[in-house]
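Okay, so here's the structure we're looking at.
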Protein chains: 8
Amino acid sequence: MTKPYIRLDKNDAAVLLVDHQAGLLSLVRDLDPDTFKNNILALADLAKYFNLPTILTTSFEDGPNGPLMAELKETFPSAPYIARPGQINAWDNEEFVKAVKATGKKQLIVAGIVTEVCVAFPALSAIEEGFEVFVVTDASGTFNEFTRYSAWDRMSAAGAQMMSWFGVACELHRDWRNDIEGLGQLFANHIPDYRNLINSYMTMKPVK
Amino acid sequence: MTKPYIRLDKNDAAVLLVDHQAGLLSLVRDLDPDTFKNNILALADLAKYFNLPTILTTSFEDGPNGPLMAELKETFPSAPYIARPGQINAWDNEEFVKAVKATGKKQLIVAGIVTEVCVAFPALSAIEEGFEVFVVTDASGTFNEFTRYSAWDRMSAAGAQMMSWFGVACELHRDWRNDIEGLGQLFANHIPDYRNLINSYMTMKPVK
Amino acid sequence: MTKPYIRLDKNDAAVLLVDHQAGLLSLVRDLDPDTFKNNILALADLAKYFNLPTILTTSFEDGPNGPLMAELKETFPSAPYIARPGQINAWDNEEFVKAVKATGKKQLIVAGIVTEVCVAFPALSAIEEGFEVFVVTDASGTFNEFTRYSAWDRMSAAGAQMMSWFGVACELHRDWRNDIEGLGQLFANHIPDYRNLINSYMTMKPVK
Amino acid sequence: MTKPYIRLDKNDAAVLLVDHQAGLLSLVRDLDPDTFKNNILALADLAKYFNLPTILTTSFEDGPNGPLMAELKETFPSAPYIARPGQINAWDNEEFVKAVKATGKKQLIVAGIVTEVCVAFPALSAIEEGFEVFVVTDASGTFNEFTRYSAWDRMSAAGAQMMSWFGVACELHRDWRNDIEGLGQLFANHIPDYRNLINSYMTMKPVK
Amino acid sequence: MTKPYIRLDKNDAAVLLVDHQAGLLSLVRDLDPDTFKNNILALADLAKYFNLPTILTTSFEDGPNGPLMAELKETFPSAPYIARPGQINAWDNEEFVKAVKATGKKQLIVAGIVTEVCVAFPALSAIEEGFEVFVVTDASGTFNEFTRYSAWDRMSAAGAQMMSWFGVACELHRDWRNDIEGLGQLFANHIPDYRNLINSYMTMKPVK
Amino acid sequence: MTKPYIRLDKNDAAVLLVDHQAGLLSLVRDLDPDTFKNNILALADLAKYFNLPTILTTSFEDGPNGPLMAELKETFPSAPYIARPGQINAWDNEEFVKAVKATGKKQLIVAGIVTEVCVAFPALSAIEEGFEVFVVTDASGTFNEFTRYSAWDRMSAAGAQMMSWFGVACELHRDWRNDIEGLGQLFANHIPDYRNLINSYMTMKPVK
Amino acid sequence: MTKPYIRLDKNDAAVLLVDHQAGLLSLVRDLDPDTFKNNILALADLAKYFNLPTILTTSFEDGPNGPLMAELKETFPSAPYIARPGQINAWDNEEFVKAVKATGKKQLIVAGIVTEVCVAFPALSAIEEGFEVFVVTDASGTFNEFTRYSAWDRMSAAGAQMMSWFGVACELHRDWRNDIEGLGQLFANHIPDYRNLINSYMTMKPVK
Amino acid sequence: MTKPYIRLDKNDAAVLLVDHQAGLLSLVRDLDPDTFKNNILALADLAKYFNLPTILTTSFEDGPNGPLMAELKETFPSAPYIARPGQINAWDNEEFVKAVKATGKKQLIVAGIVTEVCVAFPALSAIEEGFEVFVVTDASGTFNEFTRYSAWDRMSAAGAQMMSWFGVACELHRDWRNDIEGLGQLFANHIPDYRNLINSYMTMKPVK
């Protein structure tokens, strides 16, 4: 009667970054630009850190939507990159779906701009095809709280799991001992409070 | 166990605009008047753009609820227009239901004032009769966050899908190539940030 | 798979007002005191207007929780009034449950202070016994948004329907023609914006 | 010891619109885009309505700041239009100052993007030269509340008067009898709530 | 270098209620309608309680601005009531100024709708003529925080003192012993939290 | 079709306090530090008051996450205390699960830092193993509203019940008569408004 | 033309705690109860720590305003304690003024409930008599932001300096070396984040 | 009667960065950590860009306040760096004042943690000694809005000018033509929306 605990597995997960484009970024007003930029880059960095297959897609790059965030291009120089000729729902683009399926992964971690369209549409389509979908809510942006919570409600009701980039990283990593330094670095780079903790810690050693 | 992805189809959708009246507009305080007015007109414009059968209804026009927003009358001069003699739930009005059924559409896109009454009541009734209901949350207004989220919860639990006018437009359009200019114009007219993008774009051409 | 539309029926509904006491009111901080007081009195007035059997209950009146709001005592001088000797969940009090069942109604409209205890506990218990429960969210108050939304989530997941006092009044009334003046007066007394509309209207008559 | 009441006089006032450009608009996040766009256009319309000499200026139109809002160009086709070659403070541009002085007016009504730079700098400079400066706070936008209130504090301390476009219109008009319809139209076009009042009113006539 | 403490004196104060009209009330969105209505009535009640000469004025009652709040007419049946034929600044209306001066009071307590116009304009004018002006900020309403704080800044800079209705009542009363019951009743009627305190208190007596 | 009412039973409940560590506390920004500290200590005090078996766990105490809150160590000097060597999900730590199971309780009351990781992961795991999970939302903290509501949604969809510490205390206690003074003291210590009520009450006695 | 820097001097400062009573605390809604209680106790602790003469006063203790916060009585068992028989402005009470003057201090640190009355009135009176007044804004509470900022504006315009309890403590202490442990303890007791820093620090020593 | 326009001059300005330390950063809760970190680094980068003499100071680096932000140390490797042995007001430290005076500059741009202490105290002291002080409000952080606005009020009343880092950069630069690329890079690095504009712009060229 309730959703089972489907847990992220770093061996079975791929990341879909949908329409994080310079123009579309100016539409996002449900979180601070500094925070949003940081969240997107954090998600990108974790995708790279865990070696998750990552797929980039954009719509109308040459038009007002603008080019993909330069940082994403640099982080994933050899990732599949589908500049969609017109389909709004990335899942309507065959090449995109093919790239997703080519990863051989069953779990899809999705983020994009704007939440109720570029994230929700492919998320809902992917669920229909049997994928397990994890929406990274804080790396997805939209106009305001109306559109944000409407989109979350629609995706959650369809079976998607709502997560944050930090939750995704933690669930993928499972155990700090797998790599303390690597994960610590990821957090220090993207959570100022965590960086402060580490900086203070680095100048000290345990009493005893 | 979860809701399937029921996708809006421009060939199978009708729009119900319920009680967007001058007096009732003054009751709406869960979003800014400028934004709310814009959202309602955006929904009206998209209904017209996609040639969706649209039904207008009001309650007590001659009383304090006031007349229908003039812009809606102008946008839909020949739409069915049911001035209900007293029924609060538009679905209790036979003429209204008849008009809805006469469209022959199975998907109903609903917005109105106030959300927990004029939207929720017919939405819940329509679901009971087998319609697929899409609530345009940002073209519907109410007193405050208590009443907004109570209404959303009741409708979502009953199977309605929560959407924004922008999400509705995108899901109906499916592919930009169906008409780039038309959709672009709709967005430019109702999303200032999008208009800025287009204006900047128009003065430039791609580097090559 | 989703909740059916269970509609309020004025012939089958009773109202439970749980612990609206002078002391407990000072704990409520998730809405303005003026607004909260107004919402409670609006719910009381609608209960009286629709002649719904109404049950009052309090906990520890002689202690710091303080006496019942004086206005409620005045509005319902002959309603069952159960001053519980200690049970926190009103449904654990036999006399209260007996009074509820004595109404012979199947639908329970519930409000109280604080939402996550005095409302949620009897609401959950009543659902278990087969009652249809409608929570009046804006006539119920609590400490903050954490406690409010936690309580709503718990009750909604159990099958309660979240409503506002205005939604309750409208769903009970069904049709303005049943009594235009009475309902109009109820709204004018408890919705300043509505009163303004009516006041303006009263000084005018339709152009013809 | 306190500022005297310097009152706007439609015969002695000019309007300065500073850097309302498509690109810069995307930086503004201290008010909703719909509301901000409306406020700017309201100020433009009132400038035209009162026949106030109006001066347009931009910085770097050909660069990322983007072109002037198209509506402003259309509203003021023959206004002095100074595309500054580089000066950030418009008052550092001789041509701009010359245009201001050419109006022969002593009172300057200023708005722009962003508040703490494009508005504050010329406002402070103009005060130094003896002008009376009225800042239209709601037709000026910036990044957030830090920057907004810092800018207001700096300008107010220097002697500028903080106003809204509505306050400016009312202070210039002085008496409704000067032109009821014209001012009413201005308000109806830019204040949805006012439009509702007028629309309701138009369908009615006074009782008696 | 700073403002002296000019203290309200019940023998030297008059109250000006400017444009609290049914239509204009719908424009006010910087505080909740329930709270705002309560604040206005509290100010009216205190004016009556302290027997302060009170002057009512409205603009365009027969038009969309709508009639004066009915409660104010009832509270002050024989107060000077100036229905201004067109002047926006009440101080521009000779009859109004004459009525103010006829009170023979030097201190003016002012509230109205909207803050930046109907309150600020006469407040600034009155200061110029040597009156001591006390603005009742919470019985005055406007569109939003931009317009509110701009208006406060302009009035404060000119020498007006910003107060609340509660502060006004306390400063006029000076000493509870002048009339405990009367002031207590005023507070109980308009501050729900205070009423709760009193209600709890009434059922108890001090331990001794 | 909806969740049944699973009611907390003080004879069948254990408390899990997960990662309330000095360093991690600095990451929490979705509620005020004073309030959060108070909520955590309130939960600890109620666990002790009801003699609920309580399990403490931390991650990386010697690193930047910092030591467990000193107050928790003092309140539960002999509770199982599992300093996890690296597992992020406490449920992945065998010793922790063994401690939980050793309590012999079926109901788990869970709180921790941060909500979407240290609370959500073990909550989801525990539900999978058949435990009934009650999340204490206001004794759990995280970065912001995105992460908070994403976490709540995920846990609620999986069957967890969202509660507050106050709701937990009330549901466990059932009847004030079980111990008026004890529960009153708990509330007075952690709810300033309740303490005020009691303090006022203590100086008074009922009239009659 | 601007206020000089009048710096708090621990040898020349007294503290006035005005009407922090159990009943009045329930009126305060412009900050969280946990935070407000903490701020008041922090101010009390710092007054004691710096051995500042402290004066307690209340109004109507036996009535609904309720008794003084018990913690204040305990912290200052032998402080002058003036239970005013009726004067609202404590400065109107001769005994209070005498107690203030008996301290021989020129600087007054003032806090109380509610800000616009119990703080503002004696603050303004004291300034008139030549005292230097420092308002502890975060240990003073009131109904909402209207009343808070109106009161701040009135006091600041009259020459009072707006401070926080933390600022007061720091300005009085001047140099950590005067007593590191004492001030550190004060901060640890009243700033959870500071306590966390200290707790983490205590388990470590500097790397060298 | 009002403050004159004292304009920042890059040849006469120095920057004081006061106590931006890892531990103290965790106390700051009046702006988002991502935004605050960005603002501090933006101020640092602009100081370097304009070659402004910059002075770093900290308090108790070896204690819980923690080390200076690593980025600041790296940006200003050879700046005067005064680790104060105990003075809370940096201006009480002779070495610090000597370093300030050694710059030979009259204008001081100040930021730090927390606003009401580490910024306000030296700002007030510097004004007393005749310096012109510019507070960078958005590169200074504190506990909450009470402490923020109290501090701003105190500093503004004393003659300090409230600015943002963006305003500082613009006022120092005066004219884009002095170095378009350099300033553009500074903005692109610290204003995501500006970076988006530039990125879109880079892929395009003007039509013509």
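Going through the structure tokens in order, the chains are called A, B, and so on, while each chain numbers its residues from 1 and the ligands are numbered from 1 in the order shown.
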
**Request:** Name all residues at most 12 Å from Leu24 (chain B) (count only C-alpha atoms; drop same-chain ones fewer than 6 positions away) and give them as a PyMOL selection string.
**Result:** (chain B and resi 18+58-61+63-69+112-115+117-118+140-143) or (chain C and resi 191+193-198) or (chain D and resi 193+196-197+200) or (chain E and resi 26)

Write a file of the selected residues as a PDB file, in the first residue's frame, keeping C-alpha atoms.
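Dumped to out10.pdb:
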```pdb
ATOM      1  CA  VAL B  18     -14.832  28.736 -13.353  1.00  0.00           C
ATOM      2  CA  THR B  58     -19.968  32.309 -13.396  1.00  0.00           C
ATOM      3  CA  SER B  59     -22.038  32.491 -10.278  1.00  0.00           C
ATOM      4  CA  PHE B  60     -24.221  35.454  -9.400  1.00  0.00           C
ATOM      5  CA  GLU B  61     -22.854  37.880 -11.920  1.00  0.00           C
ATOM      6  CA  GLY B  63     -24.478  40.321  -7.304  1.00  0.00           C
ATOM      7  CA  PRO B  64     -21.353  41.151  -5.353  1.00  0.00           C
ATOM      8  CA  ASN B  65     -19.342  38.431  -7.114  1.00  0.00           C
ATOM      9  CA  GLY B  66     -19.276  40.810 -10.044  1.00  0.00           C
ATOM     10  CA  PRO B  67     -18.995  40.296 -13.795  1.00  0.00           C
ATOM     11  CA  LEU B  68     -16.652  37.860 -15.539  1.00  0.00           C
ATOM     12  CA  MET B  69     -13.195  39.284 -16.276  1.00  0.00           C
ATOM     13  CA  GLY B 112     -11.044  29.133 -11.093  1.00  0.00           C
ATOM     14  CA  ILE B 113     -11.706  31.202  -7.998  1.00  0.00           C
ATOM     15  CA  VAL B 114     -11.569  30.112  -5.245  1.00  0.00           C
ATOM     16  CA  THR B 115      -9.465  26.995  -5.462  1.00  0.00           C
ATOM     17  CA  VAL B 117     -14.611  25.548  -3.967  1.00  0.00           C
ATOM     18  CA  CYS B 118     -15.021  26.617  -7.565  1.00  0.00           C
ATOM     19  CA  SER B 140      -6.552  29.373  -9.527  1.00  0.00           C
ATOM     20  CA  GLY B 141      -6.520  31.553  -6.443  1.00  0.00           C
ATOM     21  CA  THR B 142      -7.743  31.533  -2.892  1.00  0.00           C
ATOM     22  CA  PHE B 143      -7.481  33.191   0.513  1.00  0.00           C
TER      23      PHE B 143
ATOM     24  CA  ILE C 191     -14.633  37.594   5.221  1.00  0.00           C
ATOM     25  CA  ASP C 193     -13.256  41.309   1.475  1.00  0.00           C
ATOM     26  CA  TYR C 194     -16.647  39.764   0.942  1.00  0.00           C
ATOM     27  CA  ARG C 195     -18.254  42.286   3.213  1.00  0.00           C
ATOM     28  CA  ASN C 196     -16.669  45.035   1.148  1.00  0.00           C
ATOM     29  CA  LEU C 197     -18.126  43.575  -2.018  1.00  0.00           C
ATOM     30  CA  ILE C 198     -21.553  43.389  -0.474  1.00  0.00           C
TER      31      ILE C 198
ATOM     32  CA  ASP D 193      -7.717  45.148  -8.086  1.00  0.00           C
ATOM     33  CA  ASN D 196     -11.991  44.860 -10.806  1.00  0.00           C
ATOM     34  CA  LEU D 197     -13.552  47.677  -8.845  1.00  0.00           C
ATOM     35  CA  SER D 200     -17.958  45.883 -11.151  1.00  0.00           C
TER      36      SER D 200
ATOM     37  CA  SER E  26      -9.522  45.497  -1.641  1.00  0.00           C
TER      38      SER E  26
END
```

Please report, as a Markdown table, each residue of chain C lying at most 6 Å from chain B, together with the nearest pair of atoms and the separation in Å rounded to one decimal; use only C-alpha atoms, and order rows by chain and ascending residue number.
```
| residue | atom | partner | partner_atom | distance |
| --- | --- | --- | --- | --- |
| C:Thr2 | CA | B:Ala158 | CA | 5.0 |
| C:Lys3 | CA | B:Ala158 | CA | 4.6 |
| C:Pro4 | CA | B:Ala158 | CA | 6.0 |
| C:Tyr5 | CA | B:Leu124 | CA | 5.9 |
| C:Gln161 | CA | B:Arg154 | CA | 5.9 |
| C:Met162 | CA | B:Ser150 | CA | 4.9 |
| C:Met163 | CA | B:Ser150 | CA | 5.5 |
| C:Ser164 | CA | B:Thr147 | CA | 5.7 |
| C:Gly167 | CA | B:Val117 | CA | 5.6 |
| C:Arg174 | CA | B:Ile88 | CA | 5.6 |
| C:Asp175 | CA | B:Gln87 | CA | 4.3 |
| C:Trp176 | CA | B:Gly86 | CA | 4.6 |
| C:Arg177 | CA | B:Gly86 | CA | 5.4 |
| C:Asp193 | CA | B:Leu27 | CA | 5.9 |
| C:Leu197 | CA | B:Pro64 | CA | 5.2 |
| C:Ile198 | CA | B:Pro64 | CA | 5.4 |
| C:Tyr201 | CA | B:Pro64 | CA | 5.6 |
```

Name all residues at most 9 Å from Lys105 (chain F) (count only C-alpha atoms; drop same-chain ones fewer than 6 positions away) and give them as a short mmCIF file (atom, residue, chain, number, x, y, z; two decimals) with N, CA and C atoms, in the first residue's frame.
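selection_3.cif was written with the following content:
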```cif
data_model
loop_
_atom_site.label_atom_id
_atom_site.label_comp_id
_atom_site.auth_asym_id
_atom_site.auth_seq_id
_atom_site.Cartn_x
_atom_site.Cartn_y
_atom_site.Cartn_z
N ASN F 11 4.51 1.03 25.59
CA ASN F 11 5.10 -0.27 25.90
C ASN F 11 5.72 -0.94 24.69
N ASP F 12 5.55 -0.32 23.55
CA ASP F 12 6.08 -0.97 22.35
C ASP F 12 6.90 -0.03 21.50
N ALA F 13 7.48 0.99 22.12
CA ALA F 13 8.19 2.00 21.32
C ALA F 13 9.62 2.22 21.80
N ALA F 14 10.51 2.42 20.85
CA ALA F 14 11.90 2.78 21.15
C ALA F 14 12.25 4.06 20.40
N PRO F 53 13.23 2.69 25.65
CA PRO F 53 14.60 2.35 25.29
C PRO F 53 15.08 3.30 24.20
N PHE F 131 9.06 -2.71 10.81
CA PHE F 131 8.85 -1.81 11.94
C PHE F 131 7.83 -0.73 11.58
#
```

Considering only C-alpha atoms, return as a tab-separated table (two decimals) with C-alpha atoms, in the first residue's frame whatever protein or nucleic-acid residues lie within 12 Å of Tyr81 (chain A), sequence-local ones (same chain, fewer than 2 positions apart) excluded.
```tsv
chain	number	residue	atom	x	y	z
A	16	LEU	CA	20.05	12.85	-16.74
A	17	LEU	CA	20.74	16.60	-16.87
A	18	VAL	CA	17.96	18.23	-18.81
A	19	ASP	CA	18.12	21.74	-20.19
A	53	PRO	CA	26.86	7.42	-16.88
A	54	THR	CA	25.55	10.92	-17.50
A	55	ILE	CA	23.48	12.22	-20.35
A	56	LEU	CA	23.22	15.85	-21.31
A	57	THR	CA	20.40	17.27	-23.33
A	58	THR	CA	19.27	20.73	-24.38
A	59	SER	CA	16.47	22.32	-26.31
A	61	GLU	CA	20.54	25.95	-27.93
A	68	LEU	CA	24.30	24.63	-21.97
A	72	LEU	CA	28.55	21.00	-17.48
A	73	LYS	CA	30.18	20.72	-20.85
A	76	PHE	CA	31.32	15.74	-19.07
A	77	PRO	CA	33.33	16.24	-22.24
A	78	SER	CA	32.53	12.82	-23.64
A	79	ALA	CA	29.03	12.27	-22.33
A	83	ALA	CA	20.64	18.80	-28.60
A	84	ARG	CA	16.97	18.12	-29.21
A	90	ALA	CA	13.28	14.68	-23.77
A	95	GLU	CA	18.21	9.45	-29.55
A	96	PHE	CA	17.87	10.47	-25.93
A	97	VAL	CA	15.95	7.34	-24.95
A	98	LYS	CA	18.45	5.24	-26.83
A	99	ALA	CA	21.28	6.88	-24.91
A	100	VAL	CA	19.49	6.25	-21.64
```

Can you check which residues of region 44-207 of chain E DSSP gives as strand (DSSP E) on the backbone and send them as a PDB file with N, CA and C atoms, in the first residue's frame?
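part_37.pdb, written as the output of this step:
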```pdb
ATOM      1  N   THR E  54     -12.909  63.293  16.113  1.00  0.00           N
ATOM      2  CA  THR E  54     -12.547  62.415  15.001  1.00  0.00           C
ATOM      3  C   THR E  54     -13.170  62.945  13.720  1.00  0.00           C
ATOM      4  N   ILE E  55     -12.377  62.904  12.676  1.00  0.00           N
ATOM      5  CA  ILE E  55     -12.855  63.423  11.395  1.00  0.00           C
ATOM      6  C   ILE E  55     -12.778  62.311  10.360  1.00  0.00           C
ATOM      7  N   LEU E  56     -13.900  62.135   9.674  1.00  0.00           N
ATOM      8  CA  LEU E  56     -13.955  61.116   8.615  1.00  0.00           C
ATOM      9  C   LEU E  56     -13.898  61.806   7.267  1.00  0.00           C
ATOM     10  N   THR E  57     -13.213  61.168   6.360  1.00  0.00           N
ATOM     11  CA  THR E  57     -13.220  61.724   5.007  1.00  0.00           C
ATOM     12  C   THR E  57     -13.116  60.590   4.003  1.00  0.00           C
ATOM     13  N   THR E  58     -13.687  60.815   2.832  1.00  0.00           N
ATOM     14  CA  THR E  58     -13.656  59.801   1.776  1.00  0.00           C
ATOM     15  C   THR E  58     -13.425  60.492   0.440  1.00  0.00           C
ATOM     16  N   SER E  59     -13.043  59.683  -0.529  1.00  0.00           N
ATOM     17  CA  SER E  59     -12.916  60.225  -1.884  1.00  0.00           C
ATOM     18  C   SER E  59     -13.792  59.398  -2.805  1.00  0.00           C
ATOM     19  N   TYR E  81     -17.762  64.765   8.544  1.00  0.00           N
ATOM     20  CA  TYR E  81     -17.620  63.734   7.516  1.00  0.00           C
ATOM     21  C   TYR E  81     -17.490  64.458   6.188  1.00  0.00           C
ATOM     22  N   ILE E  82     -16.298  64.486   5.682  1.00  0.00           N
ATOM     23  CA  ILE E  82     -16.048  65.238   4.459  1.00  0.00           C
ATOM     24  C   ILE E  82     -15.876  64.289   3.278  1.00  0.00           C
ATOM     25  N   ALA E  83     -16.893  64.232   2.455  1.00  0.00           N
ATOM     26  CA  ALA E  83     -16.807  63.446   1.223  1.00  0.00           C
ATOM     27  C   ALA E  83     -16.172  64.344   0.176  1.00  0.00           C
ATOM     28  N   ARG E  84     -14.880  64.151  -0.033  1.00  0.00           N
ATOM     29  CA  ARG E  84     -14.155  65.086  -0.895  1.00  0.00           C
ATOM     30  C   ARG E  84     -14.597  64.940  -2.352  1.00  0.00           C
ATOM     31  N   GLN E 107      -2.225  67.840  18.093  1.00  0.00           N
ATOM     32  CA  GLN E 107      -1.700  66.518  17.739  1.00  0.00           C
ATOM     33  C   GLN E 107      -2.696  65.781  16.855  1.00  0.00           C
ATOM     34  N   LEU E 108      -2.186  65.265  15.737  1.00  0.00           N
ATOM     35  CA  LEU E 108      -3.073  64.559  14.806  1.00  0.00           C
ATOM     36  C   LEU E 108      -2.647  63.089  14.680  1.00  0.00           C
ATOM     37  N   ILE E 109      -3.612  62.225  14.950  1.00  0.00           N
ATOM     38  CA  ILE E 109      -3.403  60.782  14.820  1.00  0.00           C
ATOM     39  C   ILE E 109      -4.039  60.373  13.503  1.00  0.00           C
ATOM     40  N   VAL E 110      -3.220  59.882  12.569  1.00  0.00           N
ATOM     41  CA  VAL E 110      -3.715  59.684  11.200  1.00  0.00           C
ATOM     42  C   VAL E 110      -3.595  58.230  10.766  1.00  0.00           C
ATOM     43  N   ALA E 111      -4.644  57.752  10.088  1.00  0.00           N
ATOM     44  CA  ALA E 111      -4.603  56.431   9.459  1.00  0.00           C
ATOM     45  C   ALA E 111      -5.457  56.469   8.210  1.00  0.00           C
ATOM     46  N   GLY E 112      -5.211  55.547   7.292  1.00  0.00           N
ATOM     47  CA  GLY E 112      -6.009  55.557   6.071  1.00  0.00           C
ATOM     48  C   GLY E 112      -5.544  54.549   5.045  1.00  0.00           C
ATOM     49  N   GLU E 132       1.648  68.268  15.126  1.00  0.00           N
ATOM     50  CA  GLU E 132       2.451  67.087  15.481  1.00  0.00           C
ATOM     51  C   GLU E 132       1.693  65.877  14.973  1.00  0.00           C
ATOM     52  N   VAL E 133       2.351  65.094  14.135  1.00  0.00           N
ATOM     53  CA  VAL E 133       1.643  64.011  13.450  1.00  0.00           C
ATOM     54  C   VAL E 133       2.101  62.646  13.939  1.00  0.00           C
ATOM     55  N   PHE E 134       1.109  61.806  14.251  1.00  0.00           N
ATOM     56  CA  PHE E 134       1.342  60.436  14.683  1.00  0.00           C
ATOM     57  C   PHE E 134       0.637  59.508  13.696  1.00  0.00           C
ATOM     58  N   VAL E 135       1.415  58.728  12.972  1.00  0.00           N
ATOM     59  CA  VAL E 135       0.839  57.829  11.972  1.00  0.00           C
ATOM     60  C   VAL E 135       0.553  56.480  12.625  1.00  0.00           C
ATOM     61  N   VAL E 136      -0.665  56.007  12.498  1.00  0.00           N
ATOM     62  CA  VAL E 136      -0.996  54.688  13.027  1.00  0.00           C
ATOM     63  C   VAL E 136      -0.731  53.676  11.914  1.00  0.00           C
ATOM     64  N   GLN E 161       5.738  60.715  13.674  1.00  0.00           N
ATOM     65  CA  GLN E 161       6.110  59.609  14.547  1.00  0.00           C
ATOM     66  C   GLN E 161       5.301  58.373  14.157  1.00  0.00           C
ATOM     67  N   MET E 162       5.968  57.257  13.987  1.00  0.00           N
ATOM     68  CA  MET E 162       5.333  56.005  13.576  1.00  0.00           C
ATOM     69  C   MET E 162       4.842  55.271  14.832  1.00  0.00           C
ATOM     70  N   MET E 163       3.574  54.947  14.868  1.00  0.00           N
ATOM     71  CA  MET E 163       3.029  54.258  16.039  1.00  0.00           C
ATOM     72  C   MET E 163       2.065  53.147  15.613  1.00  0.00           C
ATOM     73  N   MET E 204     -10.416  32.777  37.833  1.00  0.00           N
ATOM     74  CA  MET E 204      -9.462  32.496  38.905  1.00  0.00           C
ATOM     75  C   MET E 204      -9.424  33.662  39.898  1.00  0.00           C
ATOM     76  N   LYS E 205      -8.837  33.401  41.050  1.00  0.00           N
ATOM     77  CA  LYS E 205      -8.494  34.520  41.915  1.00  0.00           C
ATOM     78  C   LYS E 205      -7.113  34.269  42.512  1.00  0.00           C
ATOM     79  N   PRO E 206      -6.432  35.346  42.876  1.00  0.00           N
ATOM     80  CA  PRO E 206      -5.053  35.174  43.348  1.00  0.00           C
ATOM     81  C   PRO E 206      -4.969  34.241  44.552  1.00  0.00           C
TER      82      PRO E 206
END
```

**Prompt:** CA of Arg29 (chain G) to CA of Leu186 (chain C): how many Å, to one decimal?
**Reply:**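 Answer for the CA of Arg29 (chain G) to CA of Leu186 (chain C) separation: 29.1 Å.
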
**Prompt:** CA of Gln185 (chain E) to CA of Phe50 (chain E): how many Å, to one decimal?
**Reply:** 13.1 Å

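The space between CA of Ala42 (chain F) and CA of Gly184 (chain G) spans 24.8 Å.
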
**Prompt:** Leaving out Asn39 (chain H) and any residue of its chain fewer than 6 positions from it, which residues lie within 8 Å of it when counting only C-alpha atoms, given as a ChimeraX atom specification?
**Reply:** /H:138-139,165,190

Can you spit out the residues from that selection as a PDB file, in the first residue's frame, using N, CA and C atoms?
```
ATOM      1  N   ASP H 138      26.162  43.078   2.329  1.00  0.00           N
ATOM      2  CA  ASP H 138      25.932  41.697   1.913  1.00  0.00           C
ATOM      3  C   ASP H 138      27.182  40.824   2.000  1.00  0.00           C
ATOM      4  N   ALA H 139      28.282  41.388   2.414  1.00  0.00           N
ATOM      5  CA  ALA H 139      29.462  40.579   2.725  1.00  0.00           C
ATOM      6  C   ALA H 139      29.674  40.528   4.232  1.00  0.00           C
ATOM      7  N   TRP H 165      28.415  44.729  -2.306  1.00  0.00           N
ATOM      8  CA  TRP H 165      29.707  44.576  -2.997  1.00  0.00           C
ATOM      9  C   TRP H 165      29.583  45.019  -4.447  1.00  0.00           C
ATOM     10  N   HIS H 190      30.875  36.009 -10.064  1.00  0.00           N
ATOM     11  CA  HIS H 190      30.153  36.099  -8.795  1.00  0.00           C
ATOM     12  C   HIS H 190      28.656  36.377  -8.923  1.00  0.00           C
TER      13      HIS H 190
END
```

**Request:** Could you tell me, as an NGL selection string, which residues of region 8-190 of chain D DSSP assigns to helix (DSSP H, G or I) when given the backbone?
**Result:** :D and (22-25 or 33-49 or 70-75 or 90-92 or 94-102 or 115-128 or 137-139 or 145-157 or 165-173 or 176-178 or 180-190)
